[in-house]
Amino acid sequence: MDRNSGIVRTISESHLSFKYEDLRMATGGFSEQNKLGQGGFGSVYKDGQEIAVKRLFFNTGRQADLFFNEVNLISRVQHKNLVKLLGCSVDGPESLLVYEYLCNTSLDRFLFDQHRQSLLNWGRRFKIILGVAEGINYLHEESEIRIVHRDIKASNVLLDGMFRAKIADFGLARCFGEDQSHLSTGVAGTLGYMSPEYIIHGQLTEKADIYSFGMLVMEVMTGQKNNNPAFSTEESQSLMTVVWQHYMSNNLIEMLDPCIQDQCPEEQALHVFQVGLLCMQASPGLRPPMWKVVEMLGVAVVVQQEMEKMLEGIVWVHCSMGSSVFLQWAVVERQEEDSRISSLEGV
Ligand SMILES: Nc1ncnc2c1ncn2[C@@H]1O[C@H](COP(=O)(O)OP(=O)(O)OP(=O)(O)O)[C@@H](O)[C@H]1O
Ligand SMILES: [Mg+2]
């Protein structure tokens with residue numbers, strides 16, 4: 001028996017294995033009507049009310065064993081704020097992943113929709129922020145494998161019928177290694193969530209997720225997309241810049257989404273904004289670990305102290321930085337590094 005048939009047998013005997021044909025039938029032949037959306041890795045379809053099937057663009061058939069091992073590992077990662085991965089299919093023309101279906105789909109569908117955003121009242125928003133923080137903390141610190149998500153953003157935060165947050169698409173990136181094709185297909189959508197050190201040096205640590213979480217907090221608090229064209233003027237080119245400017249001029253509260261202004265105590269709103277700002281510091285070392293973020297979301301006073309420390313530090317970078325200015329800064333830093341390296345080589 002050759003190696004491949006052994007793997008295929010192991011996979012098909014596993015409880016994680018779904019038959020391609022069953023999934024195709026369940027989703028009405030991957031019909032447009034059942035399509036929930038499309039992202040960087042594939043398109044997602046529902047069956048009815050139970051499962052969501054992601055049809056991957058990448059044909060992982062050749063690496064079925066690697067793919068399956070990863071699915072096996074990730075399916076054991078369980079937390080109330082993580083979407084459950086039920087299994088996969090590797091026996092058809094394309095690889096499929098099977099997740100639990102969340103009936104309110106994703107956060108972006110509410111947050112950035114003028115008819116639905118009022119459904120996200122302050123209580124729900126705070127719980128979503130806290131739930132996402134707890135989910136990330138579990139991935140970073142508590143799960144049996146250390147997982148850096150890489151793609152924390154509003155469309156990867158799914159909502160159940162009670163608007164409880166569950167993070168989607170964790171762990172999958174591990175299957176694709178350093179393949180950057182996801183980024184190249186979705187730069188416009190996800191660039192705003194990516195930390196400076198990841199963009200410049202490709203350094204991927206937990207701190208990259210913490211930066212993205214900070215951006216998500218800004219979006220939930222303001223109800224604005226991080227790349228809102230309304231902010232694209234000469235002076236201010238990103239949500240982060242606008243929030244930072246408001247913080248510096250002591251009127252951060254004006255940034256709060258008008259939908260929740262009369263529901264949210266000012267002090268609490270400022271506190272959550274400040275936790276988000278701490279997570280977005282340019283220097284990864286200054287960003288708090290996720291366990292601390294979870295703690296801070298419950299304790300106002302620590303944030304104020306951290307904020308004061310931060311003002312002495314590196315964050316000035318952000319205050320004069322829209323997205324294009326940011327990239328200029330990135331280039332400057334890289335040039336400086338190159339010249340440092342070449343001067344060392346000359347020695
Ligand atoms: N398990 C699920 N339950 C309900 N809706 C889902 C589920 N998974 C995905 N969706 C919906 O399908 C859409 C597409 O998901 P997909 O993960 O392919 O793209 P994305 O999240 O926009 O980008 P990325 O590829 O970075 O994850 C999501 O935005 C979400 O609205
Ligand atoms: Mg997704």
# chains A, B, ... in the order shown; residues from 1 in each chain; ligands from 1
call {"tool": "select_by_dssp", "arguments": {"residues": "segment 57-296 of chain A", "states": "strand (DSSP E or B)", "output": "ChimeraX atom specification"}}
result
/A:82,85-89,96-100,106,157-159,165-167
call {"tool": "residues_around", "arguments": {"residues": "segment 244-256 of chain A", "least_positions_apart": "6", "cutoff": "7 Å", "atoms": "only C-alpha atoms", "output": "PyMOL selection string"}}
result
chain A and resi 221-222+266+270+319
call {"tool": "atom_distance", "arguments": {"atom1": "atom CA of Gly285 of chain A", "atom2": "atom CA of Asn226 of chain A"}}
result
23.0 Å
call {"tool": "closest_atom_pairs", "arguments": {"of": "chain A", "to": "ligand 2", "cutoff": "10 Å", "atoms": "only C-alpha atoms and all ligand atoms", "output": "JSON lines"}}
result
{"residue": "A:Gly37", "atom": "CA", "partner": "ligand 2", "partner_atom_place_in_ligand_line": "1 (Mg)", "distance": 8.9}
{"residue": "A:Gln38", "atom": "CA", "partner": "ligand 2", "partner_atom_place_in_ligand_line": "1 (Mg)", "distance": 8.0}
{"residue": "A:Gly39", "atom": "CA", "partner": "ligand 2", "partner_atom_place_in_ligand_line": "1 (Mg)", "distance": 6.1}
{"residue": "A:Gly40", "atom": "CA", "partner": "ligand 2", "partner_atom_place_in_ligand_line": "1 (Mg)", "distance": 7.8}
{"residue": "A:Phe41", "atom": "CA", "partner": "ligand 2", "partner_atom_place_in_ligand_line": "1 (Mg)", "distance": 8.1}
{"residue": "A:Gly42", "atom": "CA", "partner": "ligand 2", "partner_atom_place_in_ligand_line": "1 (Mg)", "distance": 8.9}
{"residue": "A:Ser43", "atom": "CA", "partner": "ligand 2", "partner_atom_place_in_ligand_line": "1 (Mg)", "distance": 9.3}
{"residue": "A:Val44", "atom": "CA", "partner": "ligand 2", "partner_atom_place_in_ligand_line": "1 (Mg)", "distance": 8.7}
{"residue": "A:Lys54", "atom": "CA", "partner": "ligand 2", "partner_atom_place_in_ligand_line": "1 (Mg)", "distance": 9.3}
{"residue": "A:Ser106", "atom": "CA", "partner": "ligand 2", "partner_atom_place_in_ligand_line": "1 (Mg)", "distance": 8.7}
{"residue": "A:Asp151", "atom": "CA", "partner": "ligand 2", "partner_atom_place_in_ligand_line": "1 (Mg)", "distance": 8.2}
{"residue": "A:Ile152", "atom": "CA", "partner": "ligand 2", "partner_atom_place_in_ligand_line": "1 (Mg)", "distance": 8.9}
{"residue": "A:Lys153", "atom": "CA", "partner": "ligand 2", "partner_atom_place_in_ligand_line": "1 (Mg)", "distance": 8.5}
{"residue": "A:Ala154", "atom": "CA", "partner": "ligand 2", "partner_atom_place_in_ligand_line": "1 (Mg)", "distance": 9.0}
{"residue": "A:Ser155", "atom": "CA", "partner": "ligand 2", "partner_atom_place_in_ligand_line": "1 (Mg)", "distance": 5.9}
{"residue": "A:Asn156", "atom": "CA", "partner": "ligand 2", "partner_atom_place_in_ligand_line": "1 (Mg)", "distance": 4.4}
{"residue": "A:Val157", "atom": "CA", "partner": "ligand 2", "partner_atom_place_in_ligand_line": "1 (Mg)", "distance": 7.8}
{"residue": "A:Leu158", "atom": "CA", "partner": "ligand 2", "partner_atom_place_in_ligand_line": "1 (Mg)", "distance": 8.7}
{"residue": "A:Ile167", "atom": "CA", "partner": "ligand 2", "partner_atom_place_in_ligand_line": "1 (Mg)", "distance": 8.8}
{"residue": "A:Ala168", "atom": "CA", "partner": "ligand 2", "partner_atom_place_in_ligand_line": "1 (Mg)", "distance": 5.9}
{"residue": "A:Asp169", "atom": "CA", "partner": "ligand 2", "partner_atom_place_in_ligand_line": "1 (Mg)", "distance": 5.5}
{"residue": "A:Phe170", "atom": "CA", "partner": "ligand 2", "partner_atom_place_in_ligand_line": "1 (Mg)", "distance": 8.9}
call {"tool": "write_last_selection", "arguments": {"atoms": "C-alpha atoms", "output": "PDB file, in the first residue's frame"}}
result
ATOM      1  CA  GLY A  37     -19.391  35.546   1.660  1.00  0.00           C
ATOM      2  CA  GLN A  38     -15.901  35.306   0.314  1.00  0.00           C
ATOM      3  CA  GLY A  39     -12.508  36.044   1.807  1.00  0.00           C
ATOM      4  CA  GLY A  40      -8.823  35.551   1.167  1.00  0.00           C
ATOM      5  CA  PHE A  41      -8.840  31.751   1.493  1.00  0.00           C
ATOM      6  CA  GLY A  42     -12.127  30.807  -0.111  1.00  0.00           C
ATOM      7  CA  SER A  43     -15.905  31.184  -0.289  1.00  0.00           C
ATOM      8  CA  VAL A  44     -18.247  30.267   2.553  1.00  0.00           C
ATOM      9  CA  LYS A  54     -15.461  27.045   3.456  1.00  0.00           C
ATOM     10  CA  SER A 106     -20.016  38.601  11.181  1.00  0.00           C
ATOM     11  CA  ASP A 151      -6.067  38.189  10.725  1.00  0.00           C
ATOM     12  CA  ILE A 152      -8.104  39.642  13.560  1.00  0.00           C
ATOM     13  CA  LYS A 153     -10.697  41.912  11.955  1.00  0.00           C
ATOM     14  CA  ALA A 154     -14.422  42.630  12.041  1.00  0.00           C
ATOM     15  CA  SER A 155     -15.300  40.024   9.388  1.00  0.00           C
ATOM     16  CA  ASN A 156     -13.498  37.334  11.385  1.00  0.00           C
ATOM     17  CA  VAL A 157     -15.563  38.030  14.482  1.00  0.00           C
ATOM     18  CA  LEU A 158     -18.759  36.021  14.149  1.00  0.00           C
ATOM     19  CA  ILE A 167     -13.367  34.407  16.514  1.00  0.00           C
ATOM     20  CA  ALA A 168     -13.177  32.626  13.164  1.00  0.00           C
ATOM     21  CA  ASP A 169     -10.302  31.407  11.006  1.00  0.00           C
ATOM     22  CA  PHE A 170      -7.688  30.924  13.691  1.00  0.00           C
TER      23      PHE A 170
END
call {"tool": "residues_around", "arguments": {"residues": "Lys127 of chain A", "least_positions_apart": "5", "cutoff": "10 Å", "atoms": "only C-alpha atoms", "output": "PyMOL selection string"}}
result
chain A and resi 122+132-133+163-165
call {"tool": "closest_residue", "arguments": {"among": "A:Ser89, A:Asn34, A:Ser95, A:Gln117", "to": "Val220 of chain A", "atoms": "only C-alpha atoms"}}
result
A:Gln117
call {"tool": "select_by_dssp", "arguments": {"residues": "segment 232-289 of chain A", "states": "alpha helix (DSSP H)", "output": "list in words"}}
result
Leu239, Met240, Thr241, Val242, Val243, Trp244, Gln245, His246, Tyr247, Met248, Glu266, Glu267, Gln268, Ala269, Leu270, His271, Val272, Phe273, Gln274, Val275, Gly276, Leu277, Leu278 and Cys279 of chain A
call {"tool": "residues_around", "arguments": {"residues": "Val293 of chain A", "least_positions_apart": "4", "cutoff": "8 Å", "atoms": "only C-alpha atoms", "output": "JSON, numbers by chain"}}
result
{"A": [133, 275, 288, 289, 297]}
call {"tool": "residues_around", "arguments": {"residues": "Gln33 of chain A", "least_positions_apart": "3", "cutoff": "10 Å", "atoms": "only C-alpha atoms", "output": "MDAnalysis selection string"}}
result
chainID A and resid 27:28 30 36 45:46
call {"tool": "atom_distance", "arguments": {"atom1": "atom CA of Lys80 of chain A", "atom2": "atom CA of Ile129 of chain A"}}
result
13.8 Å
call {"tool": "atom_distance", "arguments": {"atom1": "atom 10 (N, counted along the ligand's line) of ligand 1", "atom2": "atom CA of Asp160 of chain A"}}
result
11.3 Å
call {"tool": "closest_residue", "arguments": {"among": "A:Asp108, A:Glu70, A:Glu134, A:Glu94", "to": "ligand 1", "atoms": "only C-alpha atoms and all ligand atoms"}}
result
A:Asp108
call {"tool": "decode", "arguments": {"residues": "segment 38-69 of chain A", "atoms": "N, CA and C atoms", "output": "mmCIF file, in the first residue's frame"}}
result
data_model
loop_
_atom_site.group_PDB
_atom_site.id
_atom_site.type_symbol
_atom_site.label_atom_id
_atom_site.label_comp_id
_atom_site.auth_asym_id
_atom_site.auth_seq_id
_atom_site.Cartn_x
_atom_site.Cartn_y
_atom_site.Cartn_z
ATOM 1 N N GLN A 38 -17.161 35.775 0.888
ATOM 2 C CA GLN A 38 -15.901 35.306 0.314
ATOM 3 C C GLN A 38 -14.744 36.080 0.923
ATOM 4 N N GLY A 39 -13.670 35.371 1.223
ATOM 5 C CA GLY A 39 -12.508 36.044 1.807
ATOM 6 C C GLY A 39 -11.236 35.683 1.081
ATOM 7 N N GLY A 40 -10.117 35.779 1.779
ATOM 8 C CA GLY A 40 -8.823 35.551 1.167
ATOM 9 C C GLY A 40 -8.512 34.081 0.904
ATOM 10 N N PHE A 41 -9.152 33.177 1.650
ATOM 11 C CA PHE A 41 -8.840 31.751 1.493
ATOM 12 C C PHE A 41 -9.872 30.993 0.667
ATOM 13 N N GLY A 42 -11.095 31.543 0.608
ATOM 14 C CA GLY A 42 -12.127 30.807 -0.111
ATOM 15 C C GLY A 42 -13.498 31.444 0.051
ATOM 16 N N SER A 43 -14.524 30.710 -0.421
ATOM 17 C CA SER A 43 -15.905 31.184 -0.289
ATOM 18 C C SER A 43 -16.614 30.343 0.766
ATOM 19 N N VAL A 44 -17.566 30.965 1.455
ATOM 20 C CA VAL A 44 -18.247 30.267 2.553
ATOM 21 C C VAL A 44 -19.733 30.095 2.230
ATOM 22 N N TYR A 45 -20.241 28.881 2.464
ATOM 23 C CA TYR A 45 -21.642 28.542 2.184
ATOM 24 C C TYR A 45 -22.282 27.945 3.429
ATOM 25 N N LYS A 46 -23.602 28.151 3.550
ATOM 26 C CA LYS A 46 -24.294 27.503 4.676
ATOM 27 C C LYS A 46 -25.118 26.341 4.152
ATOM 28 N N ASP A 47 -25.490 25.440 5.072
ATOM 29 C CA ASP A 47 -26.373 24.360 4.644
ATOM 30 C C ASP A 47 -27.807 24.793 4.911
ATOM 31 N N GLY A 48 -28.095 25.086 6.120
ATOM 32 C CA GLY A 48 -29.410 25.557 6.517
ATOM 33 C C GLY A 48 -29.112 26.406 7.731
ATOM 34 N N GLN A 49 -29.100 25.780 8.857
ATOM 35 C CA GLN A 49 -28.850 26.506 10.107
ATOM 36 C C GLN A 49 -27.754 25.863 10.940
ATOM 37 N N GLU A 50 -27.030 24.909 10.368
ATOM 38 C CA GLU A 50 -26.094 24.170 11.221
ATOM 39 C C GLU A 50 -24.622 24.346 10.923
ATOM 40 N N ILE A 51 -24.281 24.210 9.661
ATOM 41 C CA ILE A 51 -22.846 24.283 9.345
ATOM 42 C C ILE A 51 -22.545 25.360 8.304
ATOM 43 N N ALA A 52 -21.303 25.816 8.340
ATOM 44 C CA ALA A 52 -20.796 26.722 7.307
ATOM 45 C C ALA A 52 -19.606 26.015 6.672
ATOM 46 N N VAL A 53 -19.602 25.971 5.349
ATOM 47 C CA VAL A 53 -18.557 25.232 4.622
ATOM 48 C C VAL A 53 -17.665 26.215 3.879
ATOM 49 N N LYS A 54 -16.393 26.167 4.180
ATOM 50 C CA LYS A 54 -15.461 27.045 3.456
ATOM 51 C C LYS A 54 -14.795 26.242 2.360
ATOM 52 N N ARG A 55 -14.971 26.740 1.151
ATOM 53 C CA ARG A 55 -14.430 26.066 -0.034
ATOM 54 C C ARG A 55 -13.123 26.778 -0.383
ATOM 55 N N LEU A 56 -12.030 26.091 -0.141
ATOM 56 C CA LEU A 56 -10.729 26.772 -0.238
ATOM 57 C C LEU A 56 -10.276 26.988 -1.677
ATOM 58 N N PHE A 57 -9.707 28.171 -1.918
ATOM 59 C CA PHE A 57 -9.133 28.440 -3.240
ATOM 60 C C PHE A 57 -7.887 27.582 -3.452
ATOM 61 N N PHE A 58 -7.169 27.381 -2.360
ATOM 62 C CA PHE A 58 -5.925 26.636 -2.462
ATOM 63 C C PHE A 58 -6.258 25.156 -2.568
ATOM 64 N N ASN A 59 -5.659 24.504 -3.515
ATOM 65 C CA ASN A 59 -5.890 23.068 -3.540
ATOM 66 C C ASN A 59 -4.822 22.393 -2.692
ATOM 67 N N THR A 60 -5.268 21.958 -1.535
ATOM 68 C CA THR A 60 -4.309 21.377 -0.601
ATOM 69 C C THR A 60 -4.213 19.867 -0.785
ATOM 70 N N GLY A 61 -4.810 19.369 -1.850
ATOM 71 C CA GLY A 61 -4.830 17.925 -2.080
ATOM 72 C C GLY A 61 -3.456 17.286 -1.945
ATOM 73 N N ARG A 62 -2.452 17.952 -2.531
ATOM 74 C CA ARG A 62 -1.112 17.372 -2.513
ATOM 75 C C ARG A 62 -0.562 17.258 -1.095
ATOM 76 N N GLN A 63 -1.044 18.161 -0.207
ATOM 77 C CA GLN A 63 -0.546 18.124 1.174
ATOM 78 C C GLN A 63 -1.684 17.729 2.107
ATOM 79 N N ALA A 64 -2.485 16.784 1.679
ATOM 80 C CA ALA A 64 -3.670 16.420 2.461
ATOM 81 C C ALA A 64 -3.330 16.021 3.889
ATOM 82 N N ASP A 65 -2.186 15.308 4.043
ATOM 83 C CA ASP A 65 -1.855 14.849 5.396
ATOM 84 C C ASP A 65 -1.539 16.019 6.321
ATOM 85 N N LEU A 66 -0.769 16.967 5.780
ATOM 86 C CA LEU A 66 -0.400 18.152 6.567
ATOM 87 C C LEU A 66 -1.669 18.937 6.930
ATOM 88 N N PHE A 67 -2.504 19.137 5.925
ATOM 89 C CA PHE A 67 -3.749 19.871 6.103
ATOM 90 C C PHE A 67 -4.622 19.193 7.145
ATOM 91 N N PHE A 68 -4.723 17.878 7.033
ATOM 92 C CA PHE A 68 -5.576 17.138 7.943
ATOM 93 C C PHE A 68 -5.026 17.185 9.375
ATOM 94 N N ASN A 69 -3.706 17.044 9.504
ATOM 95 C CA ASN A 69 -3.112 17.121 10.843
ATOM 96 C C ASN A 69 -3.427 18.439 11.513
#
